[in-house]
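Printed here is upload.txt (compact mmCIF, C-alpha atoms):
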```
# COMPACT_ATOMS: atom_id res chain seq x y z
CA MET A 1 69.01 107.22 99.41
CA LYS A 2 71.57 105.89 101.87
CA PRO A 3 74.90 107.74 101.51
CA GLN A 4 78.00 105.91 100.30
CA ALA A 5 80.38 105.83 103.27
CA PHE A 6 84.01 106.94 103.15
CA ASP A 7 86.65 107.93 105.67
CA LEU A 8 87.55 111.06 103.70
CA ILE A 9 85.82 113.03 100.96
CA VAL A 10 88.04 115.43 99.03
CA ILE A 11 86.34 118.19 97.04
CA GLY A 12 88.83 119.42 94.48
CA GLY A 13 91.45 117.55 92.47
CA GLY A 14 94.21 120.13 92.40
CA SER A 15 97.60 119.82 94.05
CA GLY A 16 96.29 120.01 97.60
CA GLY A 17 93.33 117.72 97.08
CA LEU A 18 95.38 115.08 95.31
CA ALA A 19 98.12 115.20 97.95
CA GLY A 20 95.52 114.75 100.69
CA ALA A 21 93.84 111.85 98.89
CA PHE A 22 97.11 110.03 98.24
CA ARG A 23 98.40 110.46 101.79
CA ALA A 24 95.12 109.41 103.42
CA ALA A 25 94.87 106.35 101.16
CA SER A 26 98.43 105.38 102.08
CA TYR A 27 97.21 105.00 105.68
CA GLY A 28 94.39 102.72 104.57
CA ALA A 29 91.62 105.32 104.53
CA LYS A 30 88.71 104.91 102.13
CA VAL A 31 88.80 108.06 100.02
CA ALA A 32 86.51 109.70 97.46
CA LEU A 33 87.76 112.60 95.33
CA LEU A 34 85.41 114.88 93.38
CA GLU A 35 86.78 117.03 90.55
CA PRO A 36 84.72 118.14 87.51
CA LYS A 37 87.69 119.37 85.47
CA GLU A 38 91.16 118.13 84.61
CA LEU A 39 93.18 116.78 87.52
CA GLY A 40 95.97 118.98 88.80
CA GLY A 41 93.97 122.18 89.23
CA THR A 42 95.40 125.58 88.43
CA CYS A 43 99.05 124.57 88.77
CA VAL A 44 99.08 121.80 86.21
CA ASN A 45 96.56 123.18 83.74
CA VAL A 46 96.66 127.00 83.76
CA GLY A 47 99.40 127.86 86.22
CA CYS A 48 102.84 126.68 87.32
CA VAL A 49 103.44 123.98 84.74
CA PRO A 50 102.37 125.64 81.45
CA LYS A 51 103.71 128.95 82.78
CA LYS A 52 107.14 127.43 83.38
CA ALA A 53 107.02 125.88 79.92
CA MET A 54 106.41 129.29 78.35
CA TRP A 55 109.11 130.81 80.58
CA LEU A 56 111.58 128.22 79.34
CA ALA A 57 110.67 129.08 75.74
CA ALA A 58 111.25 132.75 76.53
CA GLU A 59 114.60 131.93 78.15
CA LEU A 60 115.69 130.02 75.06
CA SER A 61 114.68 132.95 72.87
CA GLN A 62 116.79 135.34 74.93
CA LYS A 63 119.78 132.98 74.99
CA ILE A 64 119.65 132.48 71.22
CA ALA A 65 119.52 136.23 70.70
CA MET A 66 122.47 136.70 73.08
CA ALA A 67 124.47 134.01 71.29
CA SER A 68 124.83 136.16 68.18
CA SER A 69 126.75 138.76 70.19
CA LEU A 70 129.19 136.06 71.28
CA GLY A 71 130.12 134.90 67.79
CA PHE A 72 127.43 132.32 67.02
CA ASP A 73 125.88 132.41 63.56
CA THR A 74 122.21 132.66 64.55
CA SER A 75 119.13 134.23 63.05
CA THR A 76 116.50 136.16 64.99
CA PRO A 77 114.65 133.55 67.08
CA THR A 78 110.92 133.13 66.47
CA LEU A 79 108.63 130.67 68.22
CA ASP A 80 106.06 128.56 66.41
CA TRP A 81 103.53 128.82 69.25
CA LYS A 82 101.25 126.12 67.92
CA GLU A 83 104.13 123.67 67.65
CA PHE A 84 105.33 124.54 71.15
CA ILE A 85 101.81 124.17 72.56
CA VAL A 86 101.74 120.61 71.23
CA HIS A 87 104.84 119.80 73.32
CA ARG A 88 103.49 121.71 76.33
CA GLN A 89 100.15 119.94 76.30
CA ARG A 90 101.77 116.56 75.71
CA TYR A 91 103.77 117.09 78.88
CA ILE A 92 100.63 118.05 80.81
CA ALA A 93 98.74 115.03 79.44
CA GLY A 94 101.49 112.85 80.88
CA ILE A 95 100.90 114.40 84.30
CA HIS A 96 97.16 113.70 84.02
CA ALA A 97 97.84 110.08 83.13
CA SER A 98 100.26 109.73 86.03
CA TYR A 99 97.65 111.05 88.47
CA MET A 100 95.00 108.64 87.22
CA LYS A 101 97.40 105.72 87.50
CA ARG A 102 98.33 106.63 91.07
CA LEU A 103 94.71 107.18 92.08
CA ASP A 104 93.76 103.79 90.68
CA GLU A 105 96.66 102.09 92.44
CA SER A 106 95.77 103.87 95.71
CA GLY A 107 92.15 102.78 95.57
CA VAL A 108 90.82 106.36 95.60
CA VAL A 109 87.31 106.61 94.15
CA VAL A 110 87.40 109.41 91.58
CA MET A 111 84.14 111.15 90.67
CA PRO A 112 84.46 113.58 87.72
CA CYS A 113 81.86 116.00 89.03
CA ARG A 114 81.24 118.79 91.52
CA GLY A 115 80.42 118.22 95.15
CA ARG A 116 78.05 120.16 97.40
CA LEU A 117 77.97 120.01 101.17
CA LEU A 118 74.66 119.11 102.81
CA ASP A 119 76.06 119.20 106.35
CA ALA A 120 79.31 118.62 108.22
CA ASN A 121 79.55 114.98 107.16
CA THR A 122 77.55 114.69 103.94
CA VAL A 123 78.31 115.65 100.35
CA VAL A 124 76.09 115.16 97.32
CA ASN A 125 77.71 114.86 93.91
CA ALA A 126 76.40 116.32 90.65
CA ASP A 127 74.48 113.09 89.94
CA GLY A 128 72.58 113.46 93.20
CA VAL A 129 74.41 110.62 94.93
CA PRO A 130 74.97 111.34 98.65
CA LEU A 131 78.36 110.55 100.20
CA SER A 132 79.26 110.58 103.87
CA ALA A 133 82.54 110.71 105.77
CA LYS A 134 83.91 111.68 109.15
CA HIS A 135 86.29 114.10 107.45
CA LEU A 136 85.73 116.44 104.49
CA LEU A 137 88.60 118.26 102.76
CA ILE A 138 87.85 121.41 100.77
CA ALA A 139 90.57 121.98 98.17
CA THR A 140 88.82 123.78 95.33
CA GLY A 141 91.50 126.42 94.79
CA GLY A 142 90.91 129.84 93.32
CA HIS A 143 90.31 131.63 90.05
CA PRO A 144 91.38 134.93 88.49
CA VAL A 145 88.95 137.84 88.60
CA ARG A 146 88.35 140.96 86.55
CA PRO A 147 87.94 144.27 88.37
CA ALA A 148 84.47 145.81 88.49
CA ILE A 149 85.10 148.51 85.87
CA PRO A 150 83.32 149.34 82.61
CA GLY A 151 84.59 147.30 79.70
CA ALA A 152 86.29 144.68 81.87
CA ASP A 153 85.00 141.97 79.53
CA LEU A 154 87.34 143.35 76.84
CA GLY A 155 90.32 142.13 78.85
CA LYS A 156 91.63 138.62 79.34
CA VAL A 157 92.71 136.97 82.60
CA SER A 158 95.73 134.78 83.23
CA ASP A 159 93.87 131.57 82.30
CA ASP A 160 93.24 133.03 78.83
CA PHE A 161 96.97 133.52 78.26
CA PHE A 162 97.34 129.78 77.72
CA SER A 163 94.90 129.91 74.80
CA LEU A 164 97.10 132.30 72.83
CA CYS A 165 98.59 130.84 69.67
CA ALA A 166 100.92 133.74 68.91
CA ALA A 167 102.48 136.73 70.62
CA PRO A 168 100.12 139.72 70.27
CA PRO A 169 102.00 142.74 68.89
CA ARG A 170 101.07 145.10 71.75
CA VAL A 171 99.93 143.91 75.19
CA ALA A 172 98.84 145.79 78.29
CA ILE A 173 99.05 143.93 81.58
CA ILE A 174 97.17 145.39 84.52
CA GLY A 175 98.67 144.48 87.89
CA GLY A 176 102.05 144.25 89.58
CA GLY A 177 102.14 140.86 91.29
CA TYR A 178 103.50 137.41 90.42
CA VAL A 179 101.24 136.87 87.41
CA ALA A 180 101.74 140.32 85.90
CA VAL A 181 105.53 140.17 86.18
CA GLU A 182 105.80 136.63 84.83
CA LEU A 183 103.50 137.15 81.85
CA ALA A 184 105.20 140.45 81.00
CA GLY A 185 108.60 138.79 80.79
CA VAL A 186 107.39 135.87 78.70
CA LEU A 187 105.43 137.95 76.19
CA GLN A 188 108.18 140.54 75.80
CA ALA A 189 110.79 137.82 75.16
CA LEU A 190 108.56 136.07 72.62
CA GLY A 191 107.85 139.10 70.48
CA SER A 192 105.22 141.32 72.10
CA GLN A 193 105.70 144.93 73.13
CA VAL A 194 104.48 144.83 76.72
CA GLU A 195 103.36 147.66 78.99
CA VAL A 196 102.55 147.00 82.65
CA PHE A 197 100.14 149.26 84.53
CA VAL A 198 100.53 149.08 88.31
CA ARG A 199 98.25 150.83 90.78
CA GLY A 200 100.92 150.99 93.47
CA PRO A 201 104.43 152.46 93.48
CA ARG A 202 106.33 149.23 92.75
CA LEU A 203 106.24 145.61 91.67
CA LEU A 204 105.68 142.56 93.87
CA ASP A 205 104.29 143.75 97.18
CA GLY A 206 105.71 141.55 99.92
CA PHE A 207 109.13 141.26 98.27
CA ASP A 208 112.15 143.30 99.30
CA THR A 209 111.96 146.81 97.87
CA GLN A 210 115.62 146.93 96.84
CA ILE A 211 115.19 143.70 94.89
CA THR A 212 112.00 144.81 93.14
CA ASP A 213 113.55 148.15 92.17
CA GLU A 214 116.42 146.28 90.50
CA LEU A 215 113.93 143.92 88.82
CA ALA A 216 112.08 146.91 87.38
CA ALA A 217 115.36 148.17 85.93
CA ASP A 218 116.11 144.77 84.38
CA MET A 219 112.61 144.55 82.91
CA ARG A 220 112.99 147.97 81.33
CA GLN A 221 116.31 146.88 79.81
CA HIS A 222 114.44 144.00 78.19
CA GLY A 223 111.99 146.49 76.69
CA VAL A 224 109.02 146.24 79.07
CA ARG A 225 107.40 149.62 79.76
CA LEU A 226 106.30 150.09 83.37
CA HIS A 227 103.67 152.58 84.58
CA PHE A 228 103.40 152.99 88.36
CA GLY A 229 100.65 154.81 90.23
CA TYR A 230 98.26 154.09 87.36
CA SER A 231 94.59 153.47 88.21
CA VAL A 232 92.54 151.96 85.39
CA ALA A 233 88.97 153.26 85.33
CA ALA A 234 87.68 151.47 82.23
CA LEU A 235 88.52 149.61 79.05
CA GLU A 236 87.17 150.81 75.71
CA ARG A 237 87.05 149.25 72.27
CA ALA A 238 89.41 151.09 69.93
CA PRO A 239 87.93 152.39 66.63
CA GLU A 240 90.32 150.24 64.59
CA ASP A 241 89.76 147.22 66.85
CA GLY A 242 91.87 146.47 69.88
CA VAL A 243 91.48 147.98 73.35
CA VAL A 244 92.30 151.32 74.98
CA LEU A 245 92.82 151.90 78.71
CA LEU A 246 91.06 154.84 80.35
CA ALA A 247 92.73 156.08 83.55
CA GLU A 248 90.95 157.59 86.53
CA ASP A 249 92.39 160.99 85.57
CA GLY A 250 90.61 160.73 82.19
CA THR A 251 93.67 160.09 80.01
CA ARG A 252 93.65 157.33 77.41
CA THR A 253 96.43 155.03 76.29
CA GLU A 254 97.30 154.06 72.77
CA ARG A 255 95.65 150.99 71.29
CA PHE A 256 96.59 147.52 72.53
CA ASP A 257 95.92 144.24 70.74
CA GLU A 258 95.31 142.48 74.07
CA VAL A 259 94.75 143.53 77.67
CA ILE A 260 95.38 141.01 80.44
CA PHE A 261 94.13 141.51 83.98
CA ALA A 262 96.43 140.25 86.72
CA THR A 263 94.52 141.94 89.51
CA GLY A 264 93.90 139.14 91.98
CA ARG A 265 92.13 135.87 92.58
CA ARG A 266 89.11 134.69 94.54
CA ALA A 267 88.43 131.39 96.22
CA THR A 268 86.34 128.94 94.21
CA THR A 269 83.63 128.30 96.78
CA GLN A 270 80.40 129.38 95.12
CA GLY A 271 77.60 126.83 95.06
CA MET A 272 79.43 124.40 97.35
CA GLY A 273 76.93 124.50 100.18
CA LEU A 274 79.36 126.01 102.66
CA GLU A 275 76.52 128.04 104.15
CA ALA A 276 74.43 124.93 104.70
CA ALA A 277 77.29 123.33 106.60
CA GLY A 278 78.05 126.53 108.51
CA VAL A 279 81.61 126.90 107.21
CA ALA A 280 83.00 130.41 107.76
CA VAL A 281 84.46 132.36 104.83
CA ASP A 282 85.88 135.88 104.60
CA GLY A 283 84.96 138.76 102.31
CA LYS A 284 86.82 137.23 99.36
CA ALA A 285 85.17 133.84 99.89
CA PHE A 286 88.35 132.28 101.31
CA VAL A 287 87.61 129.45 103.74
CA GLN A 288 88.79 130.36 107.23
CA VAL A 289 91.06 127.77 108.89
CA ASP A 290 93.21 127.53 111.99
CA GLU A 291 96.88 126.53 112.15
CA ARG A 292 95.90 122.87 111.69
CA GLN A 293 93.75 123.44 108.58
CA ASN A 294 90.50 123.02 110.55
CA THR A 295 87.50 125.15 109.67
CA ASN A 296 85.07 126.31 112.34
CA VAL A 297 83.04 123.15 111.72
CA ALA A 298 84.36 119.94 113.28
CA GLY A 299 85.39 117.40 110.64
CA ILE A 300 85.64 119.93 107.78
CA HIS A 301 89.14 120.98 106.72
CA ALA A 302 90.59 123.10 103.92
CA VAL A 303 93.98 123.50 102.26
CA GLY A 304 95.54 125.45 99.44
CA ASP A 305 94.47 128.56 97.58
CA VAL A 306 90.88 128.23 98.79
CA THR A 307 92.13 129.30 102.24
CA GLY A 308 94.08 132.33 101.05
CA GLN A 309 97.20 131.10 102.86
CA ALA A 310 100.48 131.38 100.92
CA ALA A 311 99.02 130.54 97.51
CA LEU A 312 101.81 128.23 96.37
CA THR A 313 101.49 124.66 95.09
CA PRO A 314 104.10 123.13 97.45
CA VAL A 315 102.34 124.80 100.39
CA ALA A 316 99.01 123.21 99.48
CA ILE A 317 100.68 119.81 99.09
CA ALA A 318 102.60 120.06 102.36
CA ALA A 319 99.57 121.28 104.32
CA ALA A 320 97.41 118.44 102.97
CA ARG A 321 100.01 115.78 103.76
CA ARG A 322 100.50 116.98 107.30
CA LEU A 323 96.76 117.16 107.83
CA MET A 324 96.38 113.54 106.75
CA ASP A 325 99.34 112.52 108.91
CA ARG A 326 97.35 113.90 111.84
CA LEU A 327 93.92 112.58 110.85
CA PHE A 328 94.91 109.09 109.71
CA GLY A 329 98.60 108.61 110.54
CA GLY A 330 98.52 108.99 114.29
CA GLN A 331 100.76 112.09 114.28
CA SER A 332 98.75 114.26 116.64
CA ASP A 333 101.00 117.31 116.37
CA ALA A 334 101.43 117.32 112.58
CA ARG A 335 100.84 120.72 110.99
CA LEU A 336 102.54 122.94 108.46
CA ASP A 337 104.92 125.66 109.61
CA TYR A 338 103.98 128.67 107.47
CA THR A 339 107.10 130.65 108.36
CA ARG A 340 110.23 130.95 106.19
CA ILE A 341 108.55 129.58 103.06
CA PRO A 342 110.80 130.03 100.00
CA THR A 343 109.18 131.38 96.86
CA VAL A 344 110.26 132.28 93.34
CA VAL A 345 108.83 134.60 90.72
CA PHE A 346 109.69 133.40 87.21
CA SER A 347 110.47 136.84 85.91
CA HIS A 348 113.33 137.64 83.55
CA PRO A 349 115.60 137.31 85.46
CA PRO A 350 113.93 135.28 88.24
CA VAL A 351 113.45 136.54 91.79
CA GLY A 352 113.62 134.32 94.87
CA GLN A 353 113.20 134.99 98.55
CA VAL A 354 112.99 133.16 101.86
CA GLY A 355 112.51 134.69 105.27
CA LEU A 356 112.11 138.35 106.22
CA THR A 357 112.49 141.38 104.00
CA GLU A 358 114.71 144.15 105.31
CA ALA A 359 111.64 146.22 106.23
CA ALA A 360 109.99 143.35 108.11
CA ALA A 361 113.23 142.52 109.94
CA ARG A 362 113.72 146.13 111.05
CA SER A 363 110.10 146.26 112.20
CA GLN A 364 110.67 143.19 114.37
CA HIS A 365 114.29 143.62 115.45
CA GLY A 366 115.10 147.32 115.09
CA ASP A 367 118.79 148.20 115.23
CA ASP A 368 119.81 144.54 115.59
CA VAL A 369 119.46 144.17 111.80
CA THR A 370 122.47 144.06 109.48
CA VAL A 371 122.09 144.01 105.69
CA LEU A 372 124.64 142.83 103.13
CA THR A 373 124.22 143.13 99.36
CA THR A 374 126.16 142.30 96.24
CA ARG A 375 125.32 143.54 92.73
CA PHE A 376 127.07 142.04 89.73
CA ARG A 377 126.76 140.94 86.13
CA PRO A 378 126.60 137.15 85.67
CA MET A 379 129.43 135.87 83.48
CA LEU A 380 127.29 135.23 80.39
CA HIS A 381 125.89 138.76 80.47
CA ALA A 382 129.34 140.22 81.07
CA LEU A 383 130.72 138.29 78.10
CA ALA A 384 127.84 139.47 75.91
CA ASP A 385 128.09 143.00 77.31
CA SER A 386 124.45 142.81 78.39
CA PRO A 387 123.35 145.40 80.99
CA GLN A 388 121.33 142.86 83.02
CA ARG A 389 122.54 142.65 86.60
CA SER A 390 121.95 140.36 89.55
CA LEU A 391 121.34 141.56 93.09
CA PHE A 392 121.71 139.30 96.15
CA LYS A 393 120.81 140.40 99.66
CA LEU A 394 121.25 138.94 103.13
CA VAL A 395 119.23 140.14 106.12
CA LEU A 396 120.96 139.34 109.41
CA VAL A 397 119.90 139.73 113.05
CA GLY A 398 121.84 139.93 116.32
CA ALA A 399 125.46 139.80 117.35
CA ASP A 400 125.84 136.34 115.81
CA LYS A 401 124.38 137.66 112.53
CA ARG A 402 121.76 134.95 112.19
CA VAL A 403 120.37 134.83 108.63
CA VAL A 404 116.67 135.70 108.74
CA GLY A 405 116.21 136.67 105.10
CA LEU A 406 117.77 135.83 101.75
CA HIS A 407 116.74 137.65 98.57
CA LEU A 408 118.04 136.77 95.12
CA LEU A 409 117.51 138.45 91.76
CA GLY A 410 119.35 137.00 88.80
CA GLU A 411 119.91 134.02 86.56
CA GLY A 412 119.81 130.76 88.51
CA ALA A 413 118.07 132.31 91.51
CA ASP A 414 115.18 129.87 91.10
CA GLU A 415 117.45 126.83 91.38
CA MET A 416 119.94 128.02 93.99
CA LEU A 417 117.36 129.23 96.52
CA GLN A 418 116.16 125.75 97.49
CA GLY A 419 119.39 124.69 99.19
CA PHE A 420 119.87 127.99 100.94
CA ALA A 421 116.26 127.80 102.18
CA VAL A 422 117.09 124.56 104.00
CA ALA A 423 120.04 126.26 105.66
CA LEU A 424 118.03 129.32 106.67
CA LYS A 425 115.31 127.10 108.12
CA LYS A 426 117.98 125.47 110.29
CA GLY A 427 119.13 128.82 111.66
CA ILE A 428 122.46 129.44 109.95
CA THR A 429 124.62 132.48 110.65
CA LEU A 430 126.83 134.62 108.47
CA ALA A 431 129.82 132.73 109.89
CA ASP A 432 128.32 129.46 108.62
CA LEU A 433 128.13 130.93 105.12
CA HIS A 434 131.71 132.17 105.34
CA ASP A 435 132.80 128.73 106.51
CA THR A 436 131.32 127.18 103.35
CA MET A 437 133.66 126.85 100.39
CA ALA A 438 132.61 128.88 97.35
CA ILE A 439 132.04 127.16 94.01
CA HIS A 440 133.79 129.24 91.37
CA PRO A 441 132.89 130.69 88.95
CA THR A 442 129.16 130.73 89.75
CA SER A 443 126.56 133.26 90.79
CA ALA A 444 125.73 131.14 93.85
CA GLU A 445 129.19 131.70 95.33
CA GLU A 446 128.25 135.34 95.90
CA VAL A 447 125.93 134.26 98.72
CA VAL A 448 128.76 132.75 100.79
CA LEU A 449 131.21 135.56 99.95
CA MET A 450 129.12 138.55 101.07
CA ARG A 451 130.77 140.63 103.78
```

I need this file expressed as structure tokens, please.
Amino acid sequence: MKPQAFDLIVIGGGSGGLAGAFRAASYGAKVALLEPKELGGTCVNVGCVPKKAMWLAAELSQKIAMASSLGFDTSTPTLDWKEFIVHRQRYIAGIHASYMKRLDESGVVVMPCRGRLLDANTVVNADGVPLSAKHLLIATGGHPVRPAIPGADLGKVSDDFFSLCAAPPRVAIIGGGYVAVELAGVLQALGSQVEVFVRGPRLLDGFDTQITDELAADMRQHGVRLHFGYSVAALERAPEDGVVLLAEDGTRTERFDEVIFATGRRATTQGMGLEAAGVAVDGKAFVQVDERQNTNVAGIHAVGDVTGQAALTPVAIAAARRLMDRLFGGQSDARLDYTRIPTVVFSHPPVGQVGLTEAAARSQHGDDVTVLTTRFRPMLHALADSPQRSLFKLVLVGADKRVVGLHLLGEGADEMLQGFAVALKKGITLADLHDTMAIHPTSAEEVVLMR
């Protein structure tokens, strides 16, 4: 059978794949996109979007509870999960419809099936139809994994969280990264008693230690129980139903209604024919790419979580757009700058960072590093006499005190970081911050007032 010819074949309809398809089509390229599941990938369906919806519900619950201490006549807030899920899924359905409308308007050929590489220029879809193109884009994302321990099937993974229809009374979360921290905060705020079991000594590897220590304190104040240096050896079914954790030292926990693994993700590359095309992957199946998103095979490219590079939705989108600018837009030097990428963890309260941690800065610049911090209670928490505190931190380098890192923990950190990230990317100094008028009374003003 003669292959159907395209300029670009995109395998994967998540954020990166869609961004690549739209940008290539805008340059007049003939594009095919293969995706067997719902459009939007992890972010839209079992990641950023439904997660943020649940985080917002948790935030409302906490605010309602706090209101009673400020004189409002309120009852204990409870969430009708099933009712909220209707609103959450309605919002997501609108995103799906918007994608389909844009794809149709862009002339992208959408095939709701898997794709398998036959060689560097040929893909066969699940119906056996061969497709050919000069350029192939792999954007199949990743998926959560369970550790290889006895009883692992008794635990859920992050995808399963979005199938819950109520807050389980007692929940154990295994892991200390983004997913573990975010799910712990949401479940605790919505009625669960949450315990987090972390193999290492702290939360959020890669974030500033001072910030994560303060986050741990805030989480404990919200009722989350944290266990550091805990290595899970197995899960066991409890006699009265539920699950028990068995540690490597032989001790057992009390019974939990649910256990959720947040212990990492793997690239979704199995059965794609990467071996047949000669595409190199690492030990976790992540597709290896260079700084321009090229694999080791000419004409085959990859973006997003499938590459293991900064697993963030905006990163996948930006990398795909710049790749298409280069391939079809005549911008020969277009590529994504992976430095100074801002990121936020939707914990309670949220954490945001851009640039270098204090440890990384000292490793690179030694004694040229200056650190400024401010720790305070946001006004609402001060009024309600809540113990939750915010911690902001600036990492500065050189005699001119150039800002190389900004770390925020506290209410509003998720929203205020974006503007400061632009400034940091442009190379601002401490003097530039001091020369900026503070907006009072806000938490954000603390960034420009630090001395």

Report task. Counting all atoms listed in the file, figure out which residue out of A:Ser347, A:Gly177, A:Arg292, A:Lys51 gets nearest to Asp325 of chain A. Result -> A:Arg292

Report task. Identify, on the basis of only C-alpha atoms, every residue whose closest approach to Ala247 of chain A does not exceed 10 Å; exclude the query and any residue fewer than 4 positions from it along the same chain; express the result as a list in words. Result ->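 That gives Tyr230, Ser231, Val232, Ala233, Ala234, Leu235, Thr251, Arg252 and Thr253 of chain A.
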
Query raised in the report: segment 299-303 of chain A: which residues within 8 Å, counting all atoms listed in the file, same-chain residues fewer than 6 positions away excluded, as an NGL selection string?
Result: :A and (16-17 or 120-121 or 134-139 or 287 or 289 or 293 or 316 or 319-320)

Query - Residue contacts of segment 359-374 of chain A (6 Å, all atoms listed in the file) excluding same-chain residues fewer than 4 positions away, as an MDAnalysis selection string - result: chainID A and resid 391:398

May I have the centre and edge lengths, in Å to one decimal, of an axis-aligned box around the listed atoms of segment 321-339 of chain A with 3 Å added to every side, as JSON?
```
{"center_x": 100.5, "center_y": 119.6, "center_z": 110.2, "size_x": 19.2, "size_y": 28.0, "size_z": 18.9}
```

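For Lys426 of chain A, the list of residues within 12 Å, based on all atoms listed in the file and with local chain neighbours fewer than 3 positions off taken out, reads Arg340, Gly355, Arg402, Val403, Val404, Gly419, Phe420, Ala421, Val422, Ala423, Thr429 and Asp432 of chain A.
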
Do a neighbour search on Gly151 of chain A at 12 Å with only C-alpha atoms, toss out local chain neighbours closer than 5 positions, and write the hits as a PDB file with C-alpha atoms, in the coordinates of the input.
```pdb
ATOM      1  CA  ARG A 146      88.350 140.960  86.550  1.00  0.00           C
ATOM      2  CA  LYS A 156      91.630 138.620  79.340  1.00  0.00           C
ATOM      3  CA  VAL A 232      92.540 151.960  85.390  1.00  0.00           C
ATOM      4  CA  ALA A 233      88.970 153.260  85.330  1.00  0.00           C
ATOM      5  CA  ALA A 234      87.680 151.470  82.230  1.00  0.00           C
ATOM      6  CA  LEU A 235      88.520 149.610  79.050  1.00  0.00           C
ATOM      7  CA  GLU A 236      87.170 150.810  75.710  1.00  0.00           C
ATOM      8  CA  ARG A 237      87.050 149.250  72.270  1.00  0.00           C
ATOM      9  CA  ALA A 238      89.410 151.090  69.930  1.00  0.00           C
ATOM     10  CA  VAL A 243      91.480 147.980  73.350  1.00  0.00           C
ATOM     11  CA  VAL A 244      92.300 151.320  74.980  1.00  0.00           C
ATOM     12  CA  LEU A 245      92.820 151.900  78.710  1.00  0.00           C
ATOM     13  CA  LEU A 246      91.060 154.840  80.350  1.00  0.00           C
ATOM     14  CA  VAL A 259      94.750 143.530  77.670  1.00  0.00           C
ATOM     15  CA  PHE A 261      94.130 141.510  83.980  1.00  0.00           C
TER      16      PHE A 261
END
```

Query raised in the report: With all atoms listed in the file as the atoms that count, which of A:Val10, A:Ala58, A:Leu39, A:Leu187 lies nearest to Gly94 of chain A?
Result: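 When distances to Gly94 of chain A are compared using all atoms listed in the file, the smallest one comes from A:Leu39.
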